[in-house]
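Student: Below is the file work_24.cif, which contains mmCIF, C-alpha atoms.
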data_target
#
loop_
_atom_site.label_atom_id
_atom_site.label_comp_id
_atom_site.auth_asym_id
_atom_site.auth_seq_id
_atom_site.Cartn_x
_atom_site.Cartn_y
_atom_site.Cartn_z
CA MET L 19 0.00 0.00 0.00
CA ALA L 20 1.24 3.39 -0.95
CA LYS L 21 2.57 5.71 1.67
CA HIS L 22 1.69 9.36 1.76
CA THR L 23 3.75 12.37 2.70
CA VAL L 24 1.84 14.57 5.10
CA HIS L 25 2.53 18.07 6.34
CA VAL L 26 0.83 18.75 9.63
CA THR L 27 1.32 21.75 11.89
CA VAL L 28 1.22 20.55 15.47
CA ASN L 29 1.18 23.09 18.31
CA GLY L 30 2.51 25.67 15.87
CA SER L 31 5.43 23.58 14.55
CA PRO L 32 5.38 22.17 11.03
CA HIS L 33 6.03 18.44 10.68
CA GLU L 34 6.55 16.33 7.59
CA ALA L 35 6.28 12.56 7.65
CA GLU L 36 5.71 9.52 5.46
CA VAL L 37 2.68 7.67 6.77
CA GLU L 38 0.67 4.62 5.88
CA SER L 39 -2.90 5.39 4.77
CA ARG L 40 -4.37 3.59 7.74
CA LEU L 41 -2.31 5.35 10.39
CA LEU L 42 -4.63 7.04 12.87
CA LEU L 43 -3.99 10.62 13.90
CA VAL L 44 -3.59 9.60 17.55
CA HIS L 45 -0.84 7.12 16.61
CA PHE L 46 0.81 9.75 14.43
CA LEU L 47 0.91 12.14 17.38
CA ARG L 48 2.03 9.58 19.95
CA ASP L 49 4.27 7.23 17.97
CA VAL L 50 5.66 9.39 15.17
CA LEU L 51 5.90 12.76 16.92
CA ARG L 52 6.28 11.25 20.41
CA LEU L 53 3.63 13.58 21.81
CA THR L 54 2.24 11.15 24.34
CA GLY L 55 0.08 13.62 26.25
CA THR L 56 -2.84 12.63 24.03
CA HIS L 57 -4.21 9.40 25.47
CA ILE L 58 -5.83 6.40 23.86
CA GLY L 59 -8.78 5.33 25.96
CA CYS L 60 -11.58 3.28 24.47
CA ASP L 61 -10.27 3.46 20.89
CA THR L 62 -13.90 3.22 19.73
CA THR L 63 -14.95 6.89 19.41
CA HIS L 64 -16.68 6.97 22.79
CA CYS L 65 -14.45 8.25 25.57
CA GLY L 66 -12.71 11.37 24.24
CA ALA L 67 -9.37 10.72 25.98
CA CYS L 68 -7.76 11.25 22.56
CA THR L 69 -9.39 14.65 21.96
CA VAL L 70 -7.23 17.14 20.05
CA LEU L 71 -8.12 20.26 18.13
CA LEU L 72 -8.16 19.92 14.35
CA ASP L 73 -8.24 23.38 12.78
CA GLY L 74 -9.54 24.60 16.12
CA ALA L 75 -12.38 22.11 16.57
CA PRO L 76 -12.16 19.34 19.18
CA VAL L 77 -12.25 15.88 17.57
CA LYS L 78 -11.48 12.31 18.60
CA SER L 79 -8.06 11.63 17.13
CA CYS L 80 -8.62 7.84 17.25
CA THR L 81 -11.25 8.39 14.56
CA VAL L 82 -9.28 10.54 12.13
CA LEU L 83 -6.62 9.33 9.73
CA ALA L 84 -3.25 11.05 9.84
CA VAL L 85 -3.60 11.63 6.08
CA GLN L 86 -6.83 13.55 6.72
CA ALA L 87 -4.80 16.01 8.80
CA ASP L 88 -2.47 16.75 5.89
CA GLY L 89 -2.16 20.51 5.45
CA ARG L 90 -4.09 21.21 8.64
CA GLU L 91 -3.37 22.42 12.16
CA VAL L 92 -3.49 20.19 15.19
CA MET L 93 -3.29 21.31 18.79
CA THR L 94 -2.60 18.81 21.57
CA VAL L 95 -2.40 19.13 25.33
CA GLU L 96 1.33 19.85 24.95
CA GLY L 97 0.38 23.06 23.17
CA LEU L 98 -1.46 24.55 26.17
CA GLU L 99 1.54 25.60 28.25
CA LYS L 100 3.37 28.71 27.01
CA ASP L 101 6.85 29.73 28.21
CA GLY L 102 6.64 27.62 31.32
CA GLN L 103 3.24 29.09 32.23
CA LEU L 104 0.32 26.73 32.56
CA HIS L 105 -2.73 27.71 30.58
CA PRO L 106 -5.64 28.72 32.86
CA ILE L 107 -7.49 25.53 31.87
CA GLN L 108 -4.54 23.49 33.20
CA ASP L 109 -4.33 25.63 36.29
CA GLY L 110 -8.08 25.19 36.78
CA PHE L 111 -7.86 21.38 36.78
CA MET L 112 -5.09 21.65 39.38
CA GLN L 113 -6.80 24.22 41.61
CA GLU L 114 -10.24 22.64 41.50
CA HIS L 115 -9.09 19.00 41.67
CA GLY L 116 -10.58 18.31 38.24
CA LEU L 117 -8.90 14.93 38.06
CA GLN L 118 -8.12 11.84 40.04
CA CYS L 119 -6.41 9.30 37.80
CA GLY L 120 -5.79 11.87 35.08
CA TYR L 121 -6.48 9.64 32.13
CA CYS L 122 -9.30 11.72 30.67
CA THR L 123 -7.68 15.03 31.58
CA PRO L 124 -5.83 15.89 28.35
CA GLY L 125 -9.03 15.37 26.37
CA MET L 126 -11.13 17.22 28.93
CA MET L 127 -8.76 20.18 28.84
CA MET L 128 -8.74 20.34 25.04
CA THR L 129 -12.55 20.30 24.94
CA GLY L 130 -12.70 22.89 27.72
CA TYR L 131 -10.14 25.05 25.93
CA ALA L 132 -12.15 24.94 22.68
CA LEU L 133 -15.38 25.74 24.53
CA LEU L 134 -13.86 28.82 26.16
CA LYS L 135 -12.59 30.04 22.78
CA SER L 136 -16.16 30.28 21.51
CA ASN L 137 -17.97 31.01 24.78
CA SER L 138 -16.12 33.03 27.42
CA ASN L 139 -18.84 32.65 30.06
CA PRO L 140 -20.46 29.23 29.69
CA SER L 141 -23.20 28.12 32.06
CA GLU L 142 -22.84 24.85 33.95
CA GLY L 143 -25.26 23.31 31.45
CA GLU L 144 -23.20 24.50 28.49
CA ILE L 145 -20.02 23.07 30.04
CA ARG L 146 -21.70 19.73 30.71
CA GLN L 147 -23.06 19.66 27.17
CA ALA L 148 -19.63 20.50 25.69
CA ILE L 149 -17.86 17.71 27.61
CA SER L 150 -20.61 15.16 27.02
CA GLY L 151 -18.32 13.32 24.57
CA ASN L 152 -15.52 13.08 27.16
CA LEU L 153 -15.92 10.38 29.77
CA CYS L 154 -14.47 10.53 33.29
CA ARG L 155 -14.74 7.54 35.60
CA CYS L 156 -13.32 9.21 38.71
CA THR L 157 -14.66 12.64 39.43
CA GLY L 158 -18.38 12.54 38.77
CA TYR L 159 -17.70 15.64 36.64
CA VAL L 160 -18.48 18.16 39.39
CA ASN L 161 -14.87 19.26 39.80
CA ILE L 162 -14.31 19.19 36.04
CA VAL L 163 -17.12 21.70 35.62
CA LYS L 164 -15.54 23.82 38.37
CA SER L 165 -12.15 23.60 36.65
CA VAL L 166 -13.58 24.94 33.41
CA GLN L 167 -15.39 27.68 35.31
CA TYR L 168 -12.13 28.58 37.05
CA ALA L 169 -10.40 28.91 33.67
CA ALA L 170 -13.30 30.91 32.25
CA GLU L 171 -12.97 33.42 35.06
CA LYS L 172 -9.17 33.68 34.66
CA LEU L 173 -9.51 34.19 30.91
CA ARG L 174 -12.15 36.91 31.13
CA MET O 8 -7.22 -0.94 16.94
CA ILE O 9 -5.73 -0.61 13.51
CA PRO O 10 -7.77 -1.06 10.35
CA ALA O 11 -6.71 -3.54 7.68
CA ALA O 12 -4.49 -1.87 5.11
CA PHE O 13 -6.11 0.30 2.45
CA ASP O 14 -5.04 3.05 0.16
CA TYR O 15 -6.23 6.61 0.58
CA HIS O 16 -7.17 9.04 -2.14
CA SER O 17 -8.04 12.70 -1.76
CA PRO O 18 -9.56 13.95 -5.00
CA LYS O 19 -9.85 17.71 -5.41
CA THR O 20 -12.90 17.58 -7.70
CA LEU O 21 -16.02 15.46 -8.04
CA SER O 22 -14.88 14.17 -11.45
CA GLU O 23 -11.61 12.94 -9.96
CA ALA O 24 -13.66 11.23 -7.25
CA PHE O 25 -15.95 9.52 -9.82
CA ALA O 26 -12.91 8.31 -11.76
CA LEU O 27 -11.50 6.75 -8.58
CA LEU O 28 -14.85 5.15 -7.67
CA GLU O 29 -15.11 3.72 -11.20
CA ARG O 30 -11.53 2.46 -11.21
CA TYR O 31 -11.74 0.68 -7.86
CA GLY O 32 -15.39 -0.41 -8.02
CA GLU O 33 -16.47 -2.50 -5.06
CA GLU O 34 -13.07 -2.03 -3.43
CA ALA O 35 -13.75 1.67 -2.94
CA LYS O 36 -15.57 3.43 -0.11
CA VAL O 37 -16.42 7.11 0.10
CA LEU O 38 -14.94 8.73 3.21
CA SER O 39 -16.92 11.75 4.37
CA GLY O 40 -16.67 12.63 8.08
CA GLY O 41 -15.45 9.11 8.81
CA GLN O 42 -17.28 8.85 12.13
CA SER O 43 -19.13 5.68 11.11
CA LEU O 44 -16.73 4.32 8.50
CA LEU O 45 -13.49 4.53 10.48
CA PRO O 46 -14.89 2.74 13.55
CA LEU O 47 -16.19 -0.02 11.24
CA LEU O 48 -12.80 -0.39 9.61
CA LYS O 49 -11.02 -0.33 12.96
CA LEU O 50 -13.30 -3.00 14.41
CA ARG O 51 -12.84 -4.87 11.11
CA LEU O 52 -16.58 -5.19 10.74
CA GLY O 53 -16.02 -3.78 7.28
CA ALA O 54 -13.15 -3.53 4.86
CA ALA O 55 -12.21 -1.33 1.94
CA GLY O 56 -9.23 -1.48 -0.39
CA HIS O 57 -9.49 2.19 -1.22
CA LEU O 58 -10.90 5.16 0.64
CA VAL O 59 -11.97 8.10 -1.49
CA ASP O 60 -11.96 11.12 0.84
CA ILE O 61 -14.40 13.75 -0.41
CA GLY O 62 -13.28 16.15 2.32
CA ARG O 63 -11.00 18.11 0.03
CA ILE O 64 -13.56 18.74 -2.69
CA PRO O 65 -14.71 22.35 -2.34
CA GLY O 66 -18.36 23.39 -2.42
CA LEU O 67 -20.02 20.50 -0.60
CA GLU O 68 -20.63 22.23 2.74
CA TYR O 69 -23.53 24.68 2.79
CA ILE O 70 -26.98 25.31 4.26
CA ARG O 71 -29.24 27.62 2.27
CA GLU O 72 -32.78 28.21 1.12
CA GLU O 73 -33.11 28.40 -2.62
CA ASP O 74 -35.87 27.75 -5.18
CA GLY O 75 -38.40 26.69 -2.57
CA HIS O 76 -36.02 24.23 -0.94
CA LEU O 77 -33.69 24.05 1.98
CA LYS O 78 -30.46 22.75 0.46
CA ILE O 79 -27.85 21.09 2.62
CA GLY O 80 -24.51 20.18 1.08
CA GLY O 81 -23.73 16.49 1.50
CA ARG O 82 -20.55 17.14 3.45
CA THR O 83 -22.13 19.65 5.82
CA ARG O 84 -21.02 18.79 9.33
CA GLU O 85 -23.59 18.04 11.99
CA ALA O 86 -22.07 20.78 14.17
CA ALA O 87 -22.74 23.31 11.40
CA LEU O 88 -26.37 22.19 11.18
CA GLU O 89 -26.76 22.26 14.96
CA HIS O 90 -25.46 25.82 15.24
CA SER O 91 -26.99 27.30 12.06
CA ASP O 92 -29.33 30.23 12.79
CA LEU O 93 -31.40 29.35 9.72
CA ILE O 94 -31.87 25.77 10.98
CA ARG O 95 -32.59 26.78 14.55
CA SER O 96 -35.18 29.36 13.59
CA ARG O 97 -36.87 27.70 10.60
CA TYR O 98 -36.18 23.96 10.89
CA PRO O 99 -36.13 23.10 14.61
CA ILE O 100 -36.71 19.42 13.75
CA LEU O 101 -33.25 19.40 12.14
CA ALA O 102 -31.67 21.24 15.07
CA ASP O 103 -33.29 18.68 17.40
CA THR O 104 -31.80 15.88 15.32
CA ALA O 105 -28.27 17.23 14.92
CA ALA O 106 -28.04 17.93 18.66
CA VAL O 107 -28.59 14.27 19.60
CA ILE O 108 -26.31 12.63 17.06
CA ALA O 109 -23.38 10.96 18.84
CA ASP O 110 -21.62 13.66 20.89
CA PRO O 111 -20.29 17.18 20.26
CA LEU O 112 -16.81 15.97 19.29
CA VAL O 113 -18.13 13.49 16.76
CA ARG O 114 -20.46 16.16 15.37
CA ASN O 115 -17.44 18.32 14.53
CA LEU O 116 -16.54 15.74 11.87
CA ALA O 117 -19.68 13.72 11.12
CA THR O 118 -21.64 14.85 8.07
CA VAL O 119 -25.33 14.94 7.19
CA GLY O 120 -24.71 13.15 3.88
CA GLY O 121 -22.73 10.46 5.63
CA ASN O 122 -25.46 9.93 8.20
CA LEU O 123 -27.87 9.12 5.34
CA ALA O 124 -25.54 7.33 2.91
CA HIS O 125 -24.35 4.94 5.60
CA GLY O 126 -27.83 3.38 5.44
CA ASP O 127 -27.92 2.59 9.14
CA PRO O 128 -31.53 2.42 10.41
CA ALA O 129 -30.24 3.44 13.85
CA ASN O 130 -28.90 6.75 12.51
CA ASP O 131 -30.96 9.80 13.32
CA HIS O 132 -31.27 11.82 10.12
CA PRO O 133 -33.16 9.22 8.08
CA ALA O 134 -36.30 9.47 10.22
CA THR O 135 -36.21 13.26 10.13
CA MET O 136 -35.71 13.34 6.37
CA LEU O 137 -38.63 10.92 5.91
CA ALA O 138 -40.85 13.20 7.99
CA LEU O 139 -39.72 16.19 5.91
CA GLN O 140 -40.16 14.42 2.54
CA ALA O 141 -36.59 15.22 1.58
CA GLN O 142 -34.86 14.31 -1.64
CA VAL O 143 -31.23 13.42 -1.94
CA VAL O 144 -29.12 14.45 -4.89
CA ALA O 145 -26.88 11.66 -6.14
CA THR O 146 -24.12 12.87 -8.42
CA GLY O 147 -22.18 10.51 -10.63
CA PRO O 148 -20.12 10.51 -13.82
CA LYS O 149 -23.29 10.92 -15.91
CA GLY O 150 -24.59 13.88 -13.93
CA GLU O 151 -26.99 14.20 -11.07
CA ARG O 152 -30.33 12.65 -10.21
CA THR O 153 -32.66 13.17 -7.31
CA ILE O 154 -33.94 10.29 -5.21
CA ALA O 155 -36.99 10.64 -2.98
CA ILE O 156 -35.97 9.77 0.55
CA ASP O 157 -38.65 7.08 0.83
CA LYS O 158 -36.96 5.28 -2.08
CA PHE O 159 -33.43 5.80 -0.75
CA PHE O 160 -33.06 3.18 2.00
CA THR O 161 -33.14 -0.19 0.27
CA GLY O 162 -31.99 -2.44 3.10
CA LEU O 163 -29.78 -2.72 6.13
CA PHE O 164 -26.72 -0.54 5.39
CA SER O 165 -27.74 -0.25 1.76
CA THR O 166 -29.10 2.66 -0.23
CA ALA O 167 -30.17 3.51 -3.77
CA LEU O 168 -26.78 5.15 -4.44
CA ALA O 169 -24.83 3.49 -7.25
CA GLY O 170 -21.19 2.58 -6.63
CA ASP O 171 -19.92 5.57 -8.58
CA GLU O 172 -22.37 8.08 -7.11
CA ILE O 173 -21.84 10.52 -4.25
CA LEU O 174 -24.58 12.04 -2.13
CA THR O 175 -23.92 15.71 -2.84
CA GLU O 176 -27.03 17.45 -1.51
CA ILE O 177 -30.16 17.03 0.57
CA ARG O 178 -33.22 19.02 -0.57
CA ILE O 179 -36.11 19.70 1.73
CA PRO O 180 -39.21 21.49 0.49
CA VAL O 181 -39.61 24.75 2.45
CA PRO O 182 -42.56 23.99 4.73
CA PRO O 183 -45.70 26.08 4.24
CA PRO O 184 -46.78 28.52 6.98
CA ARG O 185 -48.21 26.88 10.12
CA SER O 186 -45.76 23.99 9.90
CA GLY O 187 -43.68 22.57 12.70
CA GLY O 188 -41.59 19.55 13.45
CA ALA O 189 -39.73 17.80 16.24
CA TYR O 190 -37.38 14.88 16.78
CA ILE O 191 -37.33 13.08 20.10
CA LYS O 192 -34.80 10.38 20.90
CA LEU O 193 -34.53 7.98 23.79
CA GLU O 194 -30.91 7.06 24.40
CA ARG O 195 -29.20 5.35 27.33
CA LYS O 196 -26.48 7.97 27.41
CA VAL O 197 -24.97 10.66 25.20
CA GLY O 198 -23.32 9.07 22.19
CA ASP O 199 -25.45 5.95 22.12
CA PHE O 200 -27.63 4.90 19.25
CA ALA O 201 -31.33 5.42 19.83
CA THR O 202 -33.27 2.86 21.81
CA ALA O 203 -36.12 4.42 19.86
CA ALA O 204 -36.73 7.84 18.34
CA ALA O 205 -39.46 9.59 16.42
CA ALA O 206 -39.55 12.48 13.97
CA ALA O 207 -42.78 14.32 13.28
CA GLN O 208 -43.52 17.17 10.90
CA VAL O 209 -47.01 18.66 10.58
CA THR O 210 -48.65 21.39 8.56
CA LEU O 211 -51.88 22.85 9.88
CA GLY O 212 -54.65 24.41 7.82
CA ALA O 213 -56.33 27.73 8.63
CA ASP O 214 -59.05 25.80 10.50
CA GLY O 215 -56.43 24.10 12.69
CA THR O 216 -56.77 20.66 11.14
CA ILE O 217 -53.73 18.74 9.99
CA GLN O 218 -53.09 19.15 6.27
CA ARG O 219 -50.09 16.90 6.18
CA ALA O 220 -48.19 14.89 8.75
CA GLY O 221 -44.85 13.19 8.24
CA ILE O 222 -43.62 10.58 10.72
CA GLY O 223 -40.27 8.83 10.63
CA LEU O 224 -38.94 6.29 13.13
CA THR O 225 -35.35 5.46 14.08
CA ALA O 226 -34.03 2.02 15.07
CA ALA O 227 -37.44 0.54 14.40
CA GLY O 228 -36.65 -2.05 11.74
CA PRO O 229 -34.14 -3.13 9.09
CA THR O 230 -34.52 0.25 7.37
CA PRO O 231 -35.69 3.64 8.63
CA ILE O 232 -39.48 3.48 8.92
CA GLU O 233 -42.01 5.94 7.58
CA ALA O 234 -45.30 5.50 9.42
CA GLY O 235 -47.46 5.93 6.31
CA GLU O 236 -50.68 4.68 7.83
CA ALA O 237 -50.40 7.09 10.75
CA GLU O 238 -49.60 9.96 8.35
CA ARG O 239 -52.70 9.23 6.27
CA PHE O 240 -54.83 8.82 9.39
CA LEU O 241 -53.87 12.30 10.63
CA ALA O 242 -54.64 14.13 7.37
CA GLY O 243 -57.76 16.25 7.86
CA LYS O 244 -57.99 15.52 11.60
CA LYS O 245 -57.83 18.02 14.42
CA PRO O 246 -54.57 17.42 16.32
CA ASP O 247 -56.31 16.52 19.56
CA ASP O 248 -55.26 13.89 22.10
CA ALA O 249 -57.41 11.16 20.58
CA ALA O 250 -55.98 11.68 17.08
CA ILE O 251 -52.40 11.81 18.34
CA LYS O 252 -52.96 8.71 20.45
CA GLU O 253 -54.29 6.75 17.48
CA ALA O 254 -51.47 8.00 15.19
CA ALA O 255 -48.92 6.92 17.79
CA ARG O 256 -50.54 3.49 17.99
CA LEU O 257 -50.45 3.12 14.19
CA SER O 258 -46.81 4.25 14.13
CA ALA O 259 -45.78 1.65 16.71
CA ALA O 260 -47.64 -1.01 14.72
CA ALA O 261 -45.46 -0.14 11.69
CA THR O 262 -42.24 -0.99 13.55
CA SER O 263 -40.31 -4.24 13.61
CA PRO O 264 -37.47 -3.58 16.04
CA THR O 265 -34.95 -6.18 17.12
CA ALA O 266 -34.13 -7.00 20.72
CA ASP O 267 -30.67 -6.04 21.95
CA ARG O 268 -29.01 -4.55 25.02
CA ARG O 269 -31.16 -1.46 24.57
CA GLY O 270 -34.36 -3.36 25.13
CA SER O 271 -36.82 -6.01 24.07
CA VAL O 272 -39.00 -5.85 20.99
CA GLU O 273 -42.04 -5.00 23.14
CA TYR O 274 -40.23 -2.22 24.98
CA LYS O 275 -38.89 -0.63 21.81
CA ARG O 276 -42.29 -0.76 20.12
CA GLU O 277 -43.88 0.85 23.18
CA MET O 278 -41.21 3.55 23.19
CA ALA O 279 -41.84 4.19 19.49
CA ARG O 280 -45.50 4.79 20.42
CA VAL O 281 -44.71 7.12 23.31
CA LEU O 282 -42.08 9.09 21.41
CA THR O 283 -44.29 9.46 18.33
CA ALA O 284 -47.01 11.00 20.49
CA ARG O 285 -44.51 13.37 22.12
CA ALA O 286 -42.94 14.37 18.81
CA LEU O 287 -46.39 14.99 17.28
CA ARG O 288 -47.44 17.15 20.23
CA ARG O 289 -44.29 19.24 20.03
CA ALA O 290 -44.60 19.50 16.22
CA VAL O 291 -48.19 20.76 16.54
CA GLU O 292 -47.09 23.23 19.21
CA ARG O 293 -44.33 24.53 16.99
CA ALA O 294 -46.76 24.79 14.08
CA GLY O 295 -48.73 27.16 16.27
CA GLY O 296 -51.53 24.68 16.92
CA LYS O 297 -51.50 25.20 20.68
#
Is it possible to express this structure as structure tokens?

Tutor:
Amino acid sequence: MAKHTVHVTVNGSPHEAEVESRLLLVHFLRDVLRLTGTHIGCDTTHCGACTVLLDGAPVKSCTVLAVQADGREVMTVEGLEKDGQLHPIQDGFMQEHGLQCGYCTPGMMMTGYALLKSNSNPSEGEIRQAISGNLCRCTGYVNIVKSVQYAAEKLR
Amino acid sequence: MIPAAFDYHSPKTLSEAFALLERYGEEAKVLSGGQSLLPLLKLRLGAAGHLVDIGRIPGLEYIREEDGHLKIGGRTREAALEHSDLIRSRYPILADTAAVIADPLVRNLATVGGNLAHGDPANDHPATMLALQAQVVATGPKGERTIAIDKFFTGLFSTALAGDEILTEIRIPVPPPRSGGAYIKLERKVGDFATAAAAAQVTLGADGTIQRAGIGLTAAGPTPIEAGEAERFLAGKKPDDAAIKEAARLSAAATSPTADRRGSVEYKREMARVLTARALRRAVERAGGK
């Protein structure tokens, strides 16, 4: 099977790689670029642990081919921190105990980050709706909602 | 999980896409949003030698009213439909539907055309499109043809699309004044397929009677179900409790669900009845009936 050369901008840096057609975006990020902050959870499009932003929109990177990201921009959890400063969404999860095991956290933060880009003052309902494709088995979501609210306040 | 090997093609025009579909025949699959196809390939429930990605063909994502129709480009993403002001204000049945498809992350990639062309009776748009009497535009190497939605679903996971055709547009007749619609879905949790769901679209006459009713049912049989008998029963009736109750009973009688983890046949049929009644009531309310 033919390989394809892809050019993907990840967290602002351009990358070029030869990939097999069937390579999933999450494997491209983790195995080719060694950006292992993006987690693989269910691997069946349910849990959202693998959430990254594709041209600004949160998507499940286990259900996108790396070749589909050719010429596009990807942002992963590694792109949140700038110059040693945590992004307010990261700070929020720390301050509000938005995690226990941490497995869902990268995906939760990417979805929360994208929500706050389009809605600077989301209601609890809007936050819960936005993260309804990201599953957490530890927190019961209460502290995750608080973490996003914390970030919203810091960003305003 | 890693899909079996395939090759990937990203045509820039529809004619390039048709040429690829012709060249690879049964080996080829159209990749739209990929939110149904990629999970199938990963689980190896399906296989394809060649994926033809229509995501790089310009001009297939739009929502507009034109020539008496609402026209939705085949590759329009569910998220775009869900957040469209035109859809929210004029076609709440479609906003209802888009908002309950999978989850918000999936809806950023999943497309309306894909939801129909996949031919899955558990998908949500088919019922809505049946209620709205939509047409789909199938474009192929010889040009385009329109297919009435009630002729589109030919069997489980199969449609009237030919192997070298692509679903490029959905056309919905602009509803007359005093029309309203609703889609109500019962799901175990966000992201699940429907246990049962009902779409209802009604147009009321000046005297308040129902001029036309459209009813579509999700996950109610081997193909999406149009409850024709219930639709005909409602025509000319006042949308009162007795009429809605009888229409809901007729709708449930038209279903042939299968038992699975979501419920027994009896439960699903009963839910189809309850949801049809609720969708009809909301549709009538939105049509200004009461």

Student: List the neighbours of range 105-122 of chain L out to 7 Å using only C-alpha atoms; skip same-chain residues closer than 5 positions along the sequence, and give me the result as a list in words.

Tutor: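 Close residues of range 105-122 of chain L: Ala67, Leu98, Glu99, Met127, Tyr131, Leu153, Cys154, Cys156, Thr157, Asn161, Ile162, Lys164, Ser165, Val166, Tyr168, Ala169, Lys172 and Leu173 of chain L.
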
Student: Would you kindly report the residues of chain O within 12 Å of chain L, using all atoms listed in the file, as a PyMOL selection string?

Tutor: chain O and resi 8-17+38-51+54-63+84+86-87+106-117+196-200

Student: Give me, please, the distance in Å between CA of Pro184 in chain O and CA of Arg82 in chain O, quoted to one decimal.

Tutor: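 Spanning CA of Pro184 in chain O to CA of Arg82 in chain O is a straight-line distance of 28.8 Å.
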
Student: From the list L:Glu91, L:Asp73, L:Asp49, L:Asp101, which residue is nearest Pro32 in chain L when using all atoms listed in the file?

Tutor: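 Of L:Glu91, L:Asp73, L:Asp49, L:Asp101, the one nearest Pro32 in chain L, counting all atoms listed in the file, is L:Glu91.
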
Student: So what do you get for CA of Arg30 in chain O versus CA of Lys149 in chain O, distance-wise?

Tutor: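 Between CA of Arg30 in chain O and CA of Lys149 in chain O the gap is 15.2 Å.
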
Student: Report as a short mmCIF file (atom, residue, chain, number, x, y, z; two decimals) with C-alpha atoms, keeping the file's coordinate frame the residues that result from applying the PyMOL selection byres ((chain L and resi 134) around 10) to the structure here.

Tutor:
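The file below, result_28.cif, is the result:
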data_model
loop_
_atom_site.label_atom_id
_atom_site.label_comp_id
_atom_site.auth_asym_id
_atom_site.auth_seq_id
_atom_site.Cartn_x
_atom_site.Cartn_y
_atom_site.Cartn_z
CA ILE L 107 -7.49 25.53 31.87
CA MET L 128 -8.74 20.34 25.04
CA THR L 129 -12.55 20.30 24.94
CA GLY L 130 -12.70 22.89 27.72
CA TYR L 131 -10.14 25.05 25.93
CA ALA L 132 -12.15 24.94 22.68
CA LEU L 133 -15.38 25.74 24.53
CA LYS L 135 -12.59 30.04 22.78
CA SER L 136 -16.16 30.28 21.51
CA ASN L 137 -17.97 31.01 24.78
CA SER L 138 -16.12 33.03 27.42
CA ASN L 139 -18.84 32.65 30.06
CA PRO L 140 -20.46 29.23 29.69
CA ILE L 145 -20.02 23.07 30.04
CA VAL L 166 -13.58 24.94 33.41
CA GLN L 167 -15.39 27.68 35.31
CA ALA L 169 -10.40 28.91 33.67
CA ALA L 170 -13.30 30.91 32.25
CA LEU L 173 -9.51 34.19 30.91
CA ARG L 174 -12.15 36.91 31.13
#

Student: Once the PyMOL selection byres ((chain O and resi 186) around 7) has been evaluated on this model, what residues remain selected, and can you format them as a PyMOL selection string?

Tutor: chain O and resi 182-185+187+209-211+294

Student: Can you spit out the residues from that selection as a compact mmCIF listing (two decimals), keeping the file's coordinate frame, using C-alpha atoms?

Tutor:
# COMPACT_ATOMS: atom_id res chain seq x y z
CA PRO O 182 -42.56 23.99 4.73
CA PRO O 183 -45.70 26.08 4.24
CA PRO O 184 -46.78 28.52 6.98
CA ARG O 185 -48.21 26.88 10.12
CA GLY O 187 -43.68 22.57 12.70
CA VAL O 209 -47.01 18.66 10.58
CA THR O 210 -48.65 21.39 8.56
CA LEU O 211 -51.88 22.85 9.88
CA ALA O 294 -46.76 24.79 14.08

Student: To one decimal in Å, tell me the separation between CA of Gly80 in chain O and CA of Ile177 in chain O.

Tutor: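 Separation of CA of Gly80 in chain O and CA of Ile177 in chain O: 6.5 Å.
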
Student: Could you give me, as a JSON list (two decimals) with C-alpha atoms, keeping the file's coordinate frame, the residues within 8 Å of Gln140 in chain O, counting only C-alpha atoms and dropping anything in the same chain fewer than 5 positions from it?

Tutor:
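Final output, saved to result-v5.json:
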[["chain", "number", "residue", "atom", "x", "y", "z"],
["O", 155, "ALA", "CA", -36.99, 10.64, -2.98],
["O", 156, "ILE", "CA", -35.97, 9.77, 0.55],
["O", 157, "ASP", "CA", -38.65, 7.08, 0.83],
["O", 179, "ILE", "CA", -36.11, 19.70, 1.73],
["O", 180, "PRO", "CA", -39.21, 21.49, 0.49],
["O", 221, "GLY", "CA", -44.85, 13.19, 8.24]]

Student: Counting all atoms listed in the file, write as a PyMOL selection string all protein and nucleic acid residues lying at most 8 Å from (-26.3, 17.4, 8.8) in the file's frame.

Tutor: chain O and resi 79+81-89+101+105+117-120+122+132

Student: Of the residues O:Gly66, O:Gly212, O:Gly75, O:Gly188, which is the one nearest to Leu137 in chain O, using only C-alpha atoms?

Tutor: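 Under the stated criterion, the closest residue is O:Gly188.
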